[in-house]
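Asks: I have a structure here, written as structure tokens, and I will follow up with some questions on it.
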Amino acid sequence: MAPSLLDTQPVAPHELPNPTHVAVDRKIFPDGIKTSGQHPPLYDQLKSYSEFPREISGETVWKAEDYANNSERWVHVFNDEEIAELSDAADKFLADGTPLTGISQSNLPLPKLSKLLASIRSEILNGKGFILFKGFPVEKWGNHKSAVAYMGLGTYLGYFVSQNGRGHVLGHVKDLGDDATQIDKVRIYRTNARQFFHADDSDIVGLLCIARALEGGESDIVSSHHVWNTLQKERPDVAETLTKPIWYFDRKGEVSEGEEPYIKTSVFYLEKGANGRLYSKWDPYYVKSLTRFSDAGIIPPLSPEQQEAAKVLEETCHRLRLHMILEIGDIQFLSNEHVLHARTAYKDHAPPAPRRHLMRLWLATPESEGGWKLPFHDSAEKKRGGIQVNNNAPVAPLDAE
């Protein structure tokens, strides 16, 4: 029989005892060391399908045709004044010698850009959920200065959270030759394989294009609220299956001591409180990689209804997608609350040309600062979500490792 996660829940990593009680150097870790990490939801706060909306309206519901030929609605080209402000702030930060993990609004001030970023943050959280910046001079600045300026932008949108078990708060989407078929061990961002529609374990995800592939590696996004409306019209049975907390998500070994190696949860949730918005958490690679547990009888295998739901969800996302190509110097910021994103498979240039390379940020937006009120115990925490293994501290490598 599968274990009941409704009765007992694992200890969250930030609640594990820390025997060393090391003082935190706020110059290096201004927001503290630990990301909250991955957790099951608070099951008593999950709503039944009958309480979900039959149709969602508002700015979070958009169609590809709304934006495909209207780039002025979702693209911002940095002007000379904005680049100069970013450059000056990055140069001063570099001169100070503070590690990248120490970047904050206080030591990378952007008095003019911050007004634009406040508006964009609101649009990502409560509006269409995405923005594309163009004109970031990554080739002129090089990776180090680019990382500083990029992370500096990120501090005005949210708080850095760890993206893997090693504490990387500056991630690198790059093919390192990992075997994409070993989905129980390998994170797909470290391969050149297709990434199906998914949401990351953060409130906002950022991607800065450092180098493009020879072929492929193109971006697709979709409003999960438009997907929900479409499912309600075409396949309400699938919509209902996706609201049930019957889905096991793999943690691929990125687990703290005392935690279970998977999480049992839903794909669609409602925010806490009255008139809660629809929130989506999905990644088919993490759902389909659990055969080592289901074959052993530890958890149930995917039912025919779940397999059908996963198939229909991907097909619906693909049909409704907005396609875009990230050029060198482009920065894409997306909501993980109400936007799902995907990537086509790709082929890199032959050496010595650089491989496709995106710098990635995962950013948290807690409730107290306008973030969504999620049915998780860490919803109010500053560095909610992400991946935390034991007491691993944040690190910000300048390249993939």
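Letters for chains follow the order of the structure tokens (A, B, ...), residue numbers begin at 1 for each chain, and ligand numbers begin at 1 in the order shown.
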Extract, using only C-alpha atoms, all DNA, RNA and protein residues at most 7 Å from segment 173-180 of chain A, discarding same-chain residues fewer than 6 positions from it, and format them as a PyMOL selection string.

Replies: chain A and resi 186+188-193+356-360+400

Asks: Can you check which residues of segment 116-331 of chain A DSSP gives as helix (DSSP H, G or I) on the backbone and send them as number ranges by chain?

Replies: A: 116-126, 138-155, 188-190, 224-234, 236-243, 284-287, 291-294, 304-320

Asks: Please produce, as JSON lines, a per-residue contact table for segment 30-120 of chain A versus segment 304-324 of chain A (criterion: any atom at most 8 Å away, only C-alpha atoms considered), showing the nearest atom pair and its distance in Å to one decimal, sorted by chain then residue number.

Replies:
{"residue": "A:Lys63", "atom": "CA", "partner": "A:Leu320", "partner_atom": "CA", "distance": 6.9}
{"residue": "A:Ala64", "atom": "CA", "partner": "A:Leu322", "partner_atom": "CA", "distance": 4.7}
{"residue": "A:Glu65", "atom": "CA", "partner": "A:Leu322", "partner_atom": "CA", "distance": 7.9}
{"residue": "A:Tyr67", "atom": "CA", "partner": "A:Leu322", "partner_atom": "CA", "distance": 7.8}
{"residue": "A:Ala68", "atom": "CA", "partner": "A:Leu322", "partner_atom": "CA", "distance": 6.7}

Asks: Taking 5 positions as the minimum chain separation for residues in the same chain, which residues sit within 7 Å of Pro261 of chain A when counting only C-alpha atoms? Answer as a PyMOL selection string.

Replies: chain A and resi 250-251+253+255

Asks: Go ahead and dump the residues you just picked, all heavy atoms, as a PDB file, in the first residue's frame.

Replies:
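Saved as result-v1.pdb:
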ATOM      1  N   ASP A 250       8.423  13.429  -8.628  1.00  0.00           N
ATOM      2  CA  ASP A 250       9.754  12.966  -8.252  1.00  0.00           C
ATOM      3  C   ASP A 250      10.608  14.134  -7.746  1.00  0.00           C
ATOM      4  O   ASP A 250      10.450  15.267  -8.197  1.00  0.00           O
ATOM      5  CB  ASP A 250      10.422  12.345  -9.488  1.00  0.00           C
ATOM      6  CG  ASP A 250      11.577  11.428  -9.155  1.00  0.00           C
ATOM      7  OD1 ASP A 250      11.969  11.360  -7.970  1.00  0.00           O
ATOM      8  OD2 ASP A 250      12.076  10.776 -10.087  1.00  0.00           O
ATOM      9  N   ARG A 251      11.516  13.846  -6.832  1.00  0.00           N
ATOM     10  CA  ARG A 251      12.471  14.854  -6.384  1.00  0.00           C
ATOM     11  C   ARG A 251      13.881  14.542  -6.873  1.00  0.00           C
ATOM     12  O   ARG A 251      14.821  15.281  -6.576  1.00  0.00           O
ATOM     13  CB  ARG A 251      12.427  14.988  -4.856  1.00  0.00           C
ATOM     14  CG  ARG A 251      11.039  15.444  -4.374  1.00  0.00           C
ATOM     15  CD  ARG A 251      10.999  15.714  -2.906  1.00  0.00           C
ATOM     16  NE  ARG A 251      11.892  16.812  -2.551  1.00  0.00           N
ATOM     17  CZ  ARG A 251      12.119  17.203  -1.315  1.00  0.00           C
ATOM     18  NH1 ARG A 251      11.520  16.587  -0.307  1.00  0.00           N
ATOM     19  NH2 ARG A 251      12.942  18.206  -1.069  1.00  0.00           N
ATOM     20  N   GLY A 253      16.304  12.718  -6.147  1.00  0.00           N
ATOM     21  CA  GLY A 253      17.428  12.640  -5.219  1.00  0.00           C
ATOM     22  C   GLY A 253      17.799  13.938  -4.542  1.00  0.00           C
ATOM     23  O   GLY A 253      18.685  13.949  -3.673  1.00  0.00           O
ATOM     24  N   VAL A 255      16.999  15.759  -2.003  1.00  0.00           N
ATOM     25  CA  VAL A 255      16.167  15.577  -0.812  1.00  0.00           C
ATOM     26  C   VAL A 255      17.002  15.797   0.444  1.00  0.00           C
ATOM     27  O   VAL A 255      18.129  15.314   0.549  1.00  0.00           O
ATOM     28  CB  VAL A 255      15.561  14.154  -0.798  1.00  0.00           C
ATOM     29  CG1 VAL A 255      14.719  13.942   0.437  1.00  0.00           C
ATOM     30  CG2 VAL A 255      14.732  13.904  -2.054  1.00  0.00           C
TER      31      VAL A 255
END

Asks: Check the smallest atom-to-atom distance from each of A:Glu254, A:Glu51, A:Glu240, A:Glu123 to Asp184 of chain A using only C-alpha atoms, then report the winner.

Replies: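 Nearest to Asp184 of chain A: A:Glu254.
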
Asks: Which one of A:Gly297, A:Gln45, A:Lys145, A:Glu59 sits closest to Asp91 of chain A if you count only C-alpha atoms?

Replies: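 Nearest candidate to Asp91 of chain A out of A:Gly297, A:Gln45, A:Lys145, A:Glu59: A:Lys145.
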
Asks: What does the distance from atom CA of Lys383 of chain A to atom CA of Ala364 of chain A come to in Å, to one decimal?

Replies: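 If I compute the distance from atom CA of Lys383 of chain A to atom CA of Ala364 of chain A, I get 5.6 Å.
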